[in-house]
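Here the structure comes first, spelled out in structure tokens, and everything after it is commentary.
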Amino acid sequence: MNDLTTSTVDDVAGLRAVADFLADVWQMPRDAPPFHTDVLHSVAHAGGAVHAARSGGAVVGASVAVFGPPAERDIYSLAAAAATSDRGTGYLVKQAQRTWALERGARTMRWTFDPLVARNARFNLVKLGAVASEYQVDFYGPMDDGINNGDETDRLTALWDLTADAPEAGDPAEGRAEAAVLAKAPDGGPLAARDANRLWCRVPEDIVALRASDPDTALRWRHAVREVFTSAYAEGLRATAMSRDGWYLLTLPQALGSARAGETPSSASTAQEDQA
């Protein structure tokens, strides 16, 4: 743990190591990574940031980010990933991005993630305190990497208020047992439950493994969760937390601050975000 460091990368050798790492995370050939070295070099040269986390000289985490519209002081994180979750590598990478962004006047950061990957949702919504501001159906279209291949690419947009401290997280499961069940999941268990002001939605324990072993069932989960989320988001609910047992908590935005409500202020391992 003591030898884990993060830094921005702008040299060709370092960028090539990041490209190789991201290829391994997304289970793609190293000669066809999510981001080629020349693209990463262009991102860095244009004022974006490529961060690398290293342990013993090896890249164990990385991220890629660019600025959004200047008037909004928004950062868009194109990718972030960590090879080890038990050492806090993913959190270290995101904090390095946050520090870099704040030093340049940014106030928010956005990225997309697969709503069916519970561990990423919990990291984004609970550990970092982001809010899922948008639900986007088949956002990327077909993808042929080793993780998403064969699935439809629905995505949630995480919106992170960089100026706020991580919120004190309550128990996302509180009240769920007493809520009315609205629908059944593909495995026969409950999919969604609701009380007067809150909605809960369950996702599979390990969608990546399920896609590999039973892609038809994985796709049924995709469509079932999509139906719950698109209806809830049309109503104004937003995903704000994820329980340890794989249930999203969706709440009304008036109970949140502006960025946590999903409003931009005016201004493979693990912990994966999506590549563009």
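Convention: chains lettered A, B, ... in structure tokens order; per-chain residue numbering from 1; ligands numbered from 1 as shown.
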task = Mind listing the helix (DSSP H, G or I) residues of segment 54-214 of chain A, per DSSP on the backbone, as a ChimeraX atom specification?
result = /A:70-72,89-103,118-127,176-178,207-213
Counting only C-alpha atoms, which residues of segment 90-156 of chain A fall within 9 Å of segment 165-173 of chain A, and what is the closest atom pair for each with its distance in Å at one decimal, ordered by chain and rising number, as JSON lines?
{"residue": "A:Val126", "atom": "CA", "partner": "A:Ala169", "partner_atom": "CA", "distance": 6.6}
{"residue": "A:Lys127", "atom": "CA", "partner": "A:Ala166", "partner_atom": "CA", "distance": 7.3}
{"residue": "A:Leu128", "atom": "CA", "partner": "A:Ala166", "partner_atom": "CA", "distance": 5.9}
{"residue": "A:Gly129", "atom": "CA", "partner": "A:Ala166", "partner_atom": "CA", "distance": 5.1}
{"residue": "A:Ala130", "atom": "CA", "partner": "A:Ala166", "partner_atom": "CA", "distance": 8.5}
message = Applying 9 Å and only C-alpha atoms, which residues near Asp187 of chain A remain after dropping the ones on its own chain fewer than 5 positions away? List them as a PyMOL selection string.
response = chain A and resi 204+217+221
task = Find the spatial neighbours of Thr112 of chain A, counting only C-alpha atoms, within a cut-off of 6 Å - ignore same-chain residues fewer than 3 positions away - and output them as a ChimeraX atom specification.
result = /A:155-158,274
Writing out the chosen residues with N, CA and C atoms as a PDB file, in the first residue's frame:
ATOM      1  N   ARG A 155     -26.430   2.923 -20.173  1.00  0.00           N
ATOM      2  CA  ARG A 155     -25.477   3.545 -19.269  1.00  0.00           C
ATOM      3  C   ARG A 155     -26.171   4.566 -18.382  1.00  0.00           C
ATOM      4  N   LEU A 156     -25.679   4.666 -17.156  1.00  0.00           N
ATOM      5  CA  LEU A 156     -25.994   5.763 -16.260  1.00  0.00           C
ATOM      6  C   LEU A 156     -24.869   6.784 -16.340  1.00  0.00           C
ATOM      7  N   THR A 157     -25.216   8.057 -16.269  1.00  0.00           N
ATOM      8  CA  THR A 157     -24.215   9.112 -16.189  1.00  0.00           C
ATOM      9  C   THR A 157     -24.019   9.499 -14.735  1.00  0.00           C
ATOM     10  N   ALA A 158     -22.803   9.312 -14.229  1.00  0.00           N
ATOM     11  CA  ALA A 158     -22.475   9.766 -12.881  1.00  0.00           C
ATOM     12  C   ALA A 158     -22.131  11.247 -12.935  1.00  0.00           C
ATOM     13  N   ASP A 274     -16.541   3.602 -18.376  1.00  0.00           N
ATOM     14  CA  ASP A 274     -16.571   3.263 -19.804  1.00  0.00           C
ATOM     15  C   ASP A 274     -15.571   4.064 -20.580  1.00  0.00           C
TER      16      ASP A 274
END
key: Spatial neighbours of Ser42 of chain A, max dist 12 Å, only C-alpha atoms, sep filter under 3 positions, as a PyMOL selection string   = chain A and resi 9-12+15+35-39+45-50+64-66
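Shortest separation to Ala101 of chain A among A:Arg176, A:Arg119, A:Arg198, A:Arg73 occurs at residue A:Arg73, atoms counted being only C-alpha atoms.
With atom CA of Val25 of chain A on one side and atom CA of Ala13 of chain A on the other, the separation reads 18.7 Å.
When only C-alpha atoms are used to measure the gap to Gly56 of chain A, the shortest distance among A:Thr5, A:Pro186, A:Arg16, A:Leu116 belongs to A:Thr5.
In this model, the gap between atom CA of Phe113 of chain A and atom CA of Ala179 of chain A comes to 27.2 Å.
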Non-local contacts of Gly246 of chain A (12 Å; only C-alpha atoms; under 3 positions in same chain excluded) as a ChimeraX atom specification = /A:115-122,172-173,190-192,200-207,241-243,249
Kindly export the residues of the current selection with N, CA and C atoms, as a PDB file, in the first residue's frame.
ATOM      1  N   PRO A 115     -25.258   0.293 -15.561  1.00  0.00           N
ATOM      2  CA  PRO A 115     -26.116   0.197 -14.383  1.00  0.00           C
ATOM      3  C   PRO A 115     -26.223  -1.206 -13.806  1.00  0.00           C
ATOM      4  N   LEU A 116     -25.857  -2.226 -14.584  1.00  0.00           N
ATOM      5  CA  LEU A 116     -25.962  -3.594 -14.074  1.00  0.00           C
ATOM      6  C   LEU A 116     -24.737  -4.028 -13.275  1.00  0.00           C
ATOM      7  N   VAL A 117     -23.684  -3.224 -13.247  1.00  0.00           N
ATOM      8  CA  VAL A 117     -22.484  -3.590 -12.487  1.00  0.00           C
ATOM      9  C   VAL A 117     -22.583  -2.957 -11.099  1.00  0.00           C
ATOM     10  N   ALA A 118     -23.031  -3.761 -10.140  1.00  0.00           N
ATOM     11  CA  ALA A 118     -23.364  -3.241  -8.816  1.00  0.00           C
ATOM     12  C   ALA A 118     -22.150  -2.660  -8.104  1.00  0.00           C
ATOM     13  N   ARG A 119     -20.988  -3.297  -8.228  1.00  0.00           N
ATOM     14  CA  ARG A 119     -19.820  -2.821  -7.480  1.00  0.00           C
ATOM     15  C   ARG A 119     -19.397  -1.422  -7.954  1.00  0.00           C
ATOM     16  N   ASN A 120     -19.515  -1.159  -9.266  1.00  0.00           N
ATOM     17  CA  ASN A 120     -19.186   0.171  -9.770  1.00  0.00           C
ATOM     18  C   ASN A 120     -20.216   1.195  -9.305  1.00  0.00           C
ATOM     19  N   ALA A 121     -21.486   0.802  -9.294  1.00  0.00           N
ATOM     20  CA  ALA A 121     -22.528   1.715  -8.834  1.00  0.00           C
ATOM     21  C   ALA A 121     -22.305   2.099  -7.377  1.00  0.00           C
ATOM     22  N   ARG A 122     -21.962   1.137  -6.551  1.00  0.00           N
ATOM     23  CA  ARG A 122     -21.730   1.444  -5.133  1.00  0.00           C
ATOM     24  C   ARG A 122     -20.512   2.360  -4.967  1.00  0.00           C
ATOM     25  N   PRO A 172     -28.924   2.400   2.439  1.00  0.00           N
ATOM     26  CA  PRO A 172     -29.819   2.430   1.277  1.00  0.00           C
ATOM     27  C   PRO A 172     -30.954   1.418   1.364  1.00  0.00           C
ATOM     28  N   ALA A 173     -30.782   0.407   2.232  1.00  0.00           N
ATOM     29  CA  ALA A 173     -31.806  -0.633   2.334  1.00  0.00           C
ATOM     30  C   ALA A 173     -32.882  -0.299   3.354  1.00  0.00           C
ATOM     31  N   PRO A 190     -37.623 -10.500  -6.381  1.00  0.00           N
ATOM     32  CA  PRO A 190     -38.136  -9.143  -6.606  1.00  0.00           C
ATOM     33  C   PRO A 190     -37.157  -8.311  -7.422  1.00  0.00           C
ATOM     34  N   LEU A 191     -37.683  -7.490  -8.313  1.00  0.00           N
ATOM     35  CA  LEU A 191     -36.870  -6.590  -9.126  1.00  0.00           C
ATOM     36  C   LEU A 191     -36.954  -5.166  -8.608  1.00  0.00           C
ATOM     37  N   ALA A 192     -38.155  -4.704  -8.282  1.00  0.00           N
ATOM     38  CA  ALA A 192     -38.349  -3.320  -7.869  1.00  0.00           C
ATOM     39  C   ALA A 192     -39.368  -3.263  -6.737  1.00  0.00           C
ATOM     40  N   TRP A 200     -36.690   1.212  -5.114  1.00  0.00           N
ATOM     41  CA  TRP A 200     -35.496   0.365  -5.093  1.00  0.00           C
ATOM     42  C   TRP A 200     -35.521  -0.554  -6.306  1.00  0.00           C
ATOM     43  N   CYS A 201     -34.361  -0.789  -6.903  1.00  0.00           N
ATOM     44  CA  CYS A 201     -34.264  -1.675  -8.058  1.00  0.00           C
ATOM     45  C   CYS A 201     -33.048  -2.570  -7.891  1.00  0.00           C
ATOM     46  N   ARG A 202     -33.243  -3.871  -8.069  1.00  0.00           N
ATOM     47  CA  ARG A 202     -32.173  -4.852  -7.883  1.00  0.00           C
ATOM     48  C   ARG A 202     -31.506  -5.180  -9.212  1.00  0.00           C
ATOM     49  N   VAL A 203     -30.201  -5.429  -9.160  1.00  0.00           N
ATOM     50  CA  VAL A 203     -29.442  -5.859 -10.331  1.00  0.00           C
ATOM     51  C   VAL A 203     -28.779  -7.198 -10.012  1.00  0.00           C
ATOM     52  N   PRO A 204     -28.330  -7.939 -11.030  1.00  0.00           N
ATOM     53  CA  PRO A 204     -27.728  -9.242 -10.762  1.00  0.00           C
ATOM     54  C   PRO A 204     -26.429  -9.122  -9.977  1.00  0.00           C
ATOM     55  N   GLU A 205     -26.083 -10.198  -9.286  1.00  0.00           N
ATOM     56  CA  GLU A 205     -24.889 -10.195  -8.438  1.00  0.00           C
ATOM     57  C   GLU A 205     -23.617  -9.958  -9.243  1.00  0.00           C
ATOM     58  N   ASP A 206     -23.511 -10.580 -10.421  1.00  0.00           N
ATOM     59  CA  ASP A 206     -22.309 -10.439 -11.247  1.00  0.00           C
ATOM     60  C   ASP A 206     -22.722 -10.511 -12.708  1.00  0.00           C
ATOM     61  N   ILE A 207     -23.024  -9.350 -13.293  1.00  0.00           N
ATOM     62  CA  ILE A 207     -23.515  -9.328 -14.666  1.00  0.00           C
ATOM     63  C   ILE A 207     -22.438  -9.752 -15.655  1.00  0.00           C
ATOM     64  N   ALA A 241     -27.906   5.904  -4.496  1.00  0.00           N
ATOM     65  CA  ALA A 241     -27.152   4.986  -3.642  1.00  0.00           C
ATOM     66  C   ALA A 241     -27.325   3.559  -4.155  1.00  0.00           C
ATOM     67  N   MET A 242     -26.447   2.693  -3.681  1.00  0.00           N
ATOM     68  CA  MET A 242     -26.500   1.263  -3.991  1.00  0.00           C
ATOM     69  C   MET A 242     -26.178   0.496  -2.711  1.00  0.00           C
ATOM     70  N   SER A 243     -27.027  -0.453  -2.369  1.00  0.00           N
ATOM     71  CA  SER A 243     -26.803  -1.234  -1.150  1.00  0.00           C
ATOM     72  C   SER A 243     -25.759  -2.320  -1.393  1.00  0.00           C
ATOM     73  N   LEU A 249     -31.036   2.615  -4.790  1.00  0.00           N
ATOM     74  CA  LEU A 249     -32.034   3.477  -4.178  1.00  0.00           C
ATOM     75  C   LEU A 249     -32.222   4.685  -5.082  1.00  0.00           C
TER      76      LEU A 249
END
ask   = Excluding same-chain residues fewer than 4 positions from Val59 of chain A, what lies within 7 Å of it counting only C-alpha atoms, as a PyMOL selection string?
value = chain A and resi 17-18+21+52-55
task = Just list the residues in segment 5-228 of chain A DSSP gives strand (DSSP E or B) on the backbone, as a PyMOL selection string.
result = chain A and resi 5-8+49-55+58-67+74-82+108-113+131-136+155-161+180-184+190-194+198-202
